[in-house]
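Peer 1: upload-v8.pdb is reproduced below (PDB, C-alpha atoms, pLDDT in the B column).
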```pdb
MODEL        1
ATOM      1  CA  MET A 499     -88.594  -6.832  33.451  1.00 52.00           C
ATOM      2  CA  ASN A 500     -90.423  -3.961  34.982  1.00 51.00           C
ATOM      3  CA  LYS A 501     -90.270  -0.389  33.663  1.00 50.00           C
ATOM      4  CA  CYS A 502     -87.840   0.766  36.356  1.00 51.00           C
ATOM      5  CA  ALA A 503     -85.332  -1.961  35.490  1.00 48.00           C
ATOM      6  CA  ILE A 504     -85.605  -1.164  31.771  1.00 46.00           C
ATOM      7  CA  CYS A 505     -85.051   2.545  32.451  1.00 44.00           C
ATOM      8  CA  MET A 506     -82.044   1.783  34.657  1.00 44.00           C
ATOM      9  CA  LEU A 507     -80.580  -0.520  31.978  1.00 43.00           C
ATOM     10  CA  ALA A 508     -81.066   2.161  29.305  1.00 43.00           C
ATOM     11  CA  LEU A 509     -79.442   4.783  31.531  1.00 41.00           C
ATOM     12  CA  CYS A 510     -76.452   2.530  32.267  1.00 44.00           C
ATOM     13  CA  PHE A 511     -76.068   1.706  28.566  1.00 44.00           C
ATOM     14  CA  GLY A 512     -76.255   5.401  27.670  1.00 46.00           C
ATOM     15  CA  LEU A 513     -73.593   6.315  30.238  1.00 39.00           C
ATOM     16  CA  PHE A 514     -71.376   3.428  29.093  1.00 41.00           C
ATOM     17  CA  ASN A 515     -71.813   4.456  25.455  1.00 45.00           C
ATOM     18  CA  TYR A 516     -71.052   8.074  26.325  1.00 43.00           C
ATOM     19  CA  ALA A 517     -67.924   7.185  28.309  1.00 42.00           C
ATOM     20  CA  PHE A 518     -66.557   4.590  25.893  1.00 45.00           C
ATOM     21  CA  GLY A 519     -68.301   5.419  22.635  1.00 47.00           C
ATOM     22  CA  ALA A 520     -66.457   6.026  19.377  1.00 47.00           C
ATOM     23  CA  SER A 521     -67.618   9.625  19.209  1.00 47.00           C
ATOM     24  CA  ASN A 522     -65.511  10.476  22.272  1.00 48.00           C
ATOM     25  CA  TYR A 523     -62.507   8.408  21.267  1.00 50.00           C
ATOM     26  CA  THR A 524     -59.429   9.926  19.693  1.00 55.00           C
ATOM     27  CA  TYR A 525     -56.948   7.619  18.065  1.00 53.00           C
ATOM     28  CA  SER A 526     -53.385   7.557  19.247  1.00 62.00           C
ATOM     29  CA  GLU A 527     -50.611   6.091  17.160  1.00 64.00           C
ATOM     30  CA  GLU A 528     -50.079   3.284  19.657  1.00 63.00           C
ATOM     31  CA  SER A 529     -53.691   2.084  19.598  1.00 67.00           C
ATOM     32  CA  VAL A 530     -54.265   2.081  15.820  1.00 74.00           C
ATOM     33  CA  LYS A 531     -54.186  -1.207  13.960  1.00 84.00           C
ATOM     34  CA  TYR A 532     -52.496  -1.409  10.571  1.00 84.00           C
ATOM     35  CA  ASN A 533     -54.743  -1.020   7.467  1.00 84.00           C
ATOM     36  CA  THR A 534     -57.886  -0.010   9.350  1.00 89.00           C
ATOM     37  CA  ARG A 535     -60.245   2.915   8.904  1.00 89.00           C
ATOM     38  CA  GLU A 536     -58.838   4.398  12.100  1.00 89.00           C
ATOM     39  CA  ALA A 537     -55.310   4.240  10.641  1.00 90.00           C
ATOM     40  CA  TYR A 538     -56.455   6.025   7.505  1.00 91.00           C
ATOM     41  CA  ASP A 539     -58.309   8.668   9.550  1.00 90.00           C
ATOM     42  CA  LEU A 540     -55.255   9.305  11.713  1.00 91.00           C
ATOM     43  CA  TYR A 541     -53.009   9.711   8.661  1.00 92.00           C
ATOM     44  CA  ALA A 542     -55.560  11.863   6.803  1.00 92.00           C
ATOM     45  CA  GLY A 543     -55.665  14.204   9.806  1.00 92.00           C
ATOM     46  CA  LYS A 544     -51.899  14.634   9.613  1.00 93.00           C
ATOM     47  CA  VAL A 545     -52.089  15.315   5.869  1.00 93.00           C
ATOM     48  CA  ASN A 546     -54.904  17.840   6.350  1.00 93.00           C
ATOM     49  CA  ALA A 547     -52.855  19.688   8.969  1.00 92.00           C
ATOM     50  CA  ALA A 548     -49.817  19.835   6.664  1.00 94.00           C
ATOM     51  CA  VAL A 549     -51.923  21.029   3.707  1.00 92.00           C
ATOM     52  CA  TYR A 550     -53.614  23.717   5.792  1.00 90.00           C
ATOM     53  CA  LYS A 551     -50.263  24.958   7.090  1.00 91.00           C
ATOM     54  CA  ALA A 552     -48.711  25.129   3.601  1.00 91.00           C
ATOM     55  CA  MET A 553     -51.711  26.450   1.673  1.00 87.00           C
ATOM     56  CA  PRO A 554     -51.340  29.931   0.195  1.00 83.00           C
ATOM     57  CA  ARG A 555     -54.273  32.141   1.138  1.00 76.00           C
ATOM     58  CA  THR A 556     -56.703  33.276  -1.553  1.00 69.00           C
ATOM     59  CA  PHE A 557     -57.352  36.864  -2.501  1.00 70.00           C
ATOM     60  CA  SER A 558     -60.150  38.869  -4.067  1.00 68.00           C
ATOM     61  CA  TYR A 559     -58.770  38.443  -7.604  1.00 71.00           C
ATOM     62  CA  ILE A 560     -59.510  34.707  -7.472  1.00 80.00           C
ATOM     63  CA  THR A 561     -62.776  34.249  -9.356  1.00 77.00           C
ATOM     64  CA  ARG A 562     -63.512  30.601  -8.470  1.00 85.00           C
ATOM     65  CA  GLU A 563     -62.944  28.129  -5.649  1.00 85.00           C
ATOM     66  CA  PRO A 564     -60.090  25.989  -6.983  1.00 89.00           C
ATOM     67  CA  GLN A 565     -59.753  22.276  -6.424  1.00 91.00           C
ATOM     68  CA  PHE A 566     -56.512  20.352  -6.392  1.00 93.00           C
ATOM     69  CA  ALA A 567     -55.238  16.866  -5.687  1.00 93.00           C
ATOM     70  CA  VAL A 568     -51.995  15.601  -4.226  1.00 95.00           C
ATOM     71  CA  LYS A 569     -50.634  12.059  -4.580  1.00 95.00           C
ATOM     72  CA  ILE A 570     -48.363  11.006  -1.697  1.00 95.00           C
ATOM     73  CA  ASN A 571     -46.167   7.899  -1.688  1.00 95.00           C
ATOM     74  CA  LYS A 572     -45.649   5.731   1.392  1.00 93.00           C
ATOM     75  CA  LYS A 573     -42.461   7.611   2.347  1.00 95.00           C
ATOM     76  CA  GLY A 574     -44.448  10.883   2.547  1.00 95.00           C
ATOM     77  CA  HIS A 575     -43.051  12.420  -0.643  1.00 96.00           C
ATOM     78  CA  VAL A 576     -45.337  14.059  -3.194  1.00 97.00           C
ATOM     79  CA  ASP A 577     -45.439  12.041  -6.413  1.00 96.00           C
ATOM     80  CA  LYS A 578     -47.739  14.490  -8.140  1.00 96.00           C
ATOM     81  CA  ALA A 579     -49.859  17.551  -7.396  1.00 96.00           C
ATOM     82  CA  TRP A 580     -52.343  18.940  -9.894  1.00 96.00           C
ATOM     83  CA  ILE A 581     -55.176  21.423 -10.287  1.00 96.00           C
ATOM     84  CA  MET A 582     -58.596  19.869 -10.896  1.00 95.00           C
ATOM     85  CA  VAL A 583     -60.558  23.149 -11.083  1.00 93.00           C
ATOM     86  CA  SER A 584     -58.673  26.364 -11.795  1.00 94.00           C
ATOM     87  CA  SER A 585     -58.940  29.410  -9.568  1.00 89.00           C
ATOM     88  CA  GLY A 586     -59.065  31.687 -12.588  1.00 88.00           C
ATOM     89  CA  SER A 587     -55.520  32.846 -11.873  1.00 88.00           C
ATOM     90  CA  GLU A 588     -52.694  30.873 -13.457  1.00 92.00           C
ATOM     91  CA  GLY A 589     -50.232  32.399 -10.986  1.00 90.00           C
ATOM     92  CA  TYR A 590     -52.247  31.303  -7.961  1.00 90.00           C
ATOM     93  CA  ASP A 591     -52.724  27.791  -9.396  1.00 93.00           C
ATOM     94  CA  LYS A 592     -48.963  27.464  -9.896  1.00 94.00           C
ATOM     95  CA  LYS A 593     -48.371  28.681  -6.349  1.00 93.00           C
ATOM     96  CA  VAL A 594     -50.699  25.992  -4.947  1.00 93.00           C
ATOM     97  CA  ILE A 595     -48.905  23.250  -6.909  1.00 96.00           C
ATOM     98  CA  LYS A 596     -45.467  24.535  -5.863  1.00 96.00           C
ATOM     99  CA  LYS A 597     -46.472  24.679  -2.181  1.00 95.00           C
ATOM    100  CA  MET A 598     -47.847  21.129  -2.284  1.00 95.00           C
ATOM    101  CA  GLU A 599     -44.736  19.781  -4.003  1.00 96.00           C
ATOM    102  CA  GLU A 600     -42.540  21.429  -1.345  1.00 96.00           C
ATOM    103  CA  THR A 601     -44.601  20.165   1.600  1.00 95.00           C
ATOM    104  CA  GLU A 602     -43.161  17.320   3.650  1.00 92.00           C
ATOM    105  CA  PHE A 603     -45.864  14.861   4.576  1.00 95.00           C
ATOM    106  CA  PRO A 604     -45.430  12.121   7.182  1.00 93.00           C
ATOM    107  CA  SER A 605     -44.786   8.577   6.056  1.00 93.00           C
ATOM    108  CA  PHE A 606     -47.779   6.236   6.183  1.00 91.00           C
ATOM    109  CA  GLU A 607     -45.793   2.977   6.112  1.00 90.00           C
ATOM    110  CA  LYS A 608     -46.743   2.121   9.691  1.00 84.00           C
ATOM    111  CA  TYR A 609     -50.455   2.915   9.145  1.00 81.00           C
ATOM    112  CA  ILE A 610     -51.498   1.734   5.707  1.00 90.00           C
ATOM    113  CA  GLY A 611     -50.214  -0.846   3.236  1.00 90.00           C
ATOM    114  CA  ALA A 612     -51.047   1.155   0.088  1.00 90.00           C
ATOM    115  CA  LYS A 613     -48.329   2.153  -2.378  1.00 94.00           C
ATOM    116  CA  ASP A 614     -49.639   5.723  -2.521  1.00 94.00           C
ATOM    117  CA  LEU A 615     -52.623   7.809  -1.445  1.00 93.00           C
ATOM    118  CA  THR A 616     -54.381  10.642  -3.262  1.00 94.00           C
ATOM    119  CA  PHE A 617     -56.134  13.452  -1.406  1.00 94.00           C
ATOM    120  CA  ARG A 618     -58.428  16.013  -3.042  1.00 94.00           C
ATOM    121  CA  TYR A 619     -59.141  19.484  -1.697  1.00 93.00           C
ATOM    122  CA  LYS A 620     -61.352  22.454  -2.453  1.00 90.00           C
ATOM    123  CA  ILE A 621     -60.029  25.870  -1.469  1.00 86.00           C
ATOM    124  CA  LYS A 622     -62.763  28.091  -0.105  1.00 80.00           C
ATOM    125  CA  LYS A 623     -62.764  31.590  -1.530  1.00 71.00           C
ATOM    126  CA  GLN A 624     -61.673  34.255   0.908  1.00 65.00           C
ATOM    127  CA  THR A 625     -61.607  37.952   0.399  1.00 52.00           C
ATOM    128  CA  LYS A 626     -58.690  40.232   0.920  1.00 50.00           C
ATOM    129  CA  ILE A 627     -59.387  42.435   3.918  1.00 49.00           C
ATOM    130  CA  ILE A 628     -58.270  46.008   3.439  1.00 50.00           C
ATOM    131  CA  PRO A 629     -58.124  47.979   6.677  1.00 52.00           C
ATOM    132  CA  ILE A 630     -59.946  51.287   6.548  1.00 54.00           C
ATOM    133  CA  PRO A 631     -58.240  54.030   8.526  1.00 55.00           C
ATOM    134  CA  ILE A 632     -60.264  55.847  11.150  1.00 57.00           C
ATOM    135  CA  ILE A 633     -59.757  59.580  11.064  1.00 53.00           C
ATOM    136  CA  PHE A 634     -60.161  61.517  14.279  1.00 50.00           C
ATOM    137  CA  PHE A 635     -60.847  65.248  14.176  1.00 45.00           C
TER     138      PHE A 635
ENDMDL
END
```
Using structure tokens, write down the structure that the file contains.

Peer 2:
Amino acid sequence: MNKCAICMLALCFGLFNYAFGASNYTYSEESVKYNTREAYDLYAGKVNAAVYKAMPRTFSYITREPQFAVKINKKGHVDKAWIMVSSGSEGYDKKVIKKMEETEFPSFEKYIGAKDLTFRYKIKKQTKIIPIPIIFF
């Protein structure tokens, strides 16, 4: 093959890979096969969205970045939620556990054959923003 043909082949392969490559592909529920990595990724995305929505926000009195885990059964119910690393505030830790136990997660029966799944999270420390009034004279 000459250099021009090789360059054209590489360009075509690059365009094909760009158009149909995995990096550009989002999984829909209809296209996911049971018990595959794609099925797990799709379900994990749903769990992450539910956790983010339910998560209580942190405040300046939290001294550490807490870590927690939640064990979800195939019906989407929380079997157990627990703190792995405390926030330094017993009240906040209890609030995290309560919120996770109250959260309704989607069922994963049609995605994954496992009996239950455990997800672990680390809550990034945020600071409480106190607005400072602007005084005009």

Peer 1: Report as a list in words the residues that result from applying the PyMOL selection byres ((chain A and resi 605) around 12) to the structure here.

Peer 2: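 When the PyMOL selection byres ((chain A and resi 605) around 12) is applied, the selected residues are Leu540, Tyr541, Ala542, Lys544, Val545, Ile570, Asn571, Lys572, Lys573, Gly574, His575, Val576, Glu602, Phe603, Pro604, Phe606, Glu607, Lys608, Tyr609, Ile610, Gly611, Ala612, Lys613, Asp614 and Leu615 of chain A.
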
Peer 1: For the residues in the current selection, export C-alpha atoms as a short mmCIF file (atom, residue, chain, number, x, y, z; two decimals), keeping the file's coordinate frame.

Peer 2:
```cif
data_model
loop_
_atom_site.label_atom_id
_atom_site.label_comp_id
_atom_site.auth_asym_id
_atom_site.auth_seq_id
_atom_site.Cartn_x
_atom_site.Cartn_y
_atom_site.Cartn_z
CA LEU A 540 -55.26 9.30 11.71
CA TYR A 541 -53.01 9.71 8.66
CA ALA A 542 -55.56 11.86 6.80
CA LYS A 544 -51.90 14.63 9.61
CA VAL A 545 -52.09 15.32 5.87
CA ILE A 570 -48.36 11.01 -1.70
CA ASN A 571 -46.17 7.90 -1.69
CA LYS A 572 -45.65 5.73 1.39
CA LYS A 573 -42.46 7.61 2.35
CA GLY A 574 -44.45 10.88 2.55
CA HIS A 575 -43.05 12.42 -0.64
CA VAL A 576 -45.34 14.06 -3.19
CA GLU A 602 -43.16 17.32 3.65
CA PHE A 603 -45.86 14.86 4.58
CA PRO A 604 -45.43 12.12 7.18
CA PHE A 606 -47.78 6.24 6.18
CA GLU A 607 -45.79 2.98 6.11
CA LYS A 608 -46.74 2.12 9.69
CA TYR A 609 -50.46 2.92 9.14
CA ILE A 610 -51.50 1.73 5.71
CA GLY A 611 -50.21 -0.85 3.24
CA ALA A 612 -51.05 1.16 0.09
CA LYS A 613 -48.33 2.15 -2.38
CA ASP A 614 -49.64 5.72 -2.52
CA LEU A 615 -52.62 7.81 -1.44
#
```

Peer 1: Quick one: residues within 6 Å of segment 620-623 of chain A, only C-alpha atoms, excluding same-chain residues fewer than 5 positions away - as a list in words?

Peer 2: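 Once the nearby chain positions are removed, what remains is Glu563, Pro564 and Gln565 of chain A.
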
Peer 1: Quick one, how far is atom CA of Met598 of chain A from atom CA of Ala579 of chain A?

Peer 2: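 Rounded to one decimal, the two atoms are 6.6 Å apart.
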
Peer 1: If you measure from atom CA of Val594 of chain A to atom CA of Val568 of chain A, what distance in Å do you get, rounded to one decimal?

Peer 2: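 Value for the atom CA of Val594 of chain A-atom CA of Val568 of chain A distance: 10.5 Å.
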
Peer 1: Which centre and which edge lengths, in Å to one decimal, describe the axis-aligned box that holds all listed atoms of segment 579-582 of chain A after 6 Å is added on each side, as lines of an AutoDock Vina configuration file?

Peer 2:
```
center_x = -54.2
center_y = 19.5
center_z = -9.1
size_x = 20.7
size_y = 15.9
size_z = 15.5
```

Peer 1: Can you work out the spacing between atom CA of Glu599 of chain A and atom CA of Trp580 of chain A in Å, to one decimal?

Peer 2: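 Between atom CA of Glu599 of chain A and atom CA of Trp580 of chain A the gap works out to 9.7 Å.
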
Peer 1: Determine the residue set returned by the PyMOL selection byres ((chain A and resi 552-556) around 7) for the present structure, and present it as a VMD selection string.

Peer 2: chain A and resid 548 to 551 557 560 594 597 601 623 to 624

Peer 1: Go ahead and dump the residues you just picked, C-alpha atoms, as a PDB file, keeping the file's coordinate frame.

Peer 2:
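Contents of selection-v3.pdb, freshly written:
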```pdb
ATOM      1  CA  ALA A 548     -49.817  19.835   6.664  1.00 94.00           C
ATOM      2  CA  VAL A 549     -51.923  21.029   3.707  1.00 92.00           C
ATOM      3  CA  TYR A 550     -53.614  23.717   5.792  1.00 90.00           C
ATOM      4  CA  LYS A 551     -50.263  24.958   7.090  1.00 91.00           C
ATOM      5  CA  PHE A 557     -57.352  36.864  -2.501  1.00 70.00           C
ATOM      6  CA  ILE A 560     -59.510  34.707  -7.472  1.00 80.00           C
ATOM      7  CA  VAL A 594     -50.699  25.992  -4.947  1.00 93.00           C
ATOM      8  CA  LYS A 597     -46.472  24.679  -2.181  1.00 95.00           C
ATOM      9  CA  THR A 601     -44.601  20.165   1.600  1.00 95.00           C
ATOM     10  CA  LYS A 623     -62.764  31.590  -1.530  1.00 71.00           C
ATOM     11  CA  GLN A 624     -61.673  34.255   0.908  1.00 65.00           C
TER      12      GLN A 624
END
```

Peer 1: Closest to Arg562 of chain A among A:Asp577, A:Lys596, A:Ser585, A:Tyr619, using all atoms listed in the file?

Peer 2: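 Closest to Arg562 of chain A of all the choices is A:Ser585.
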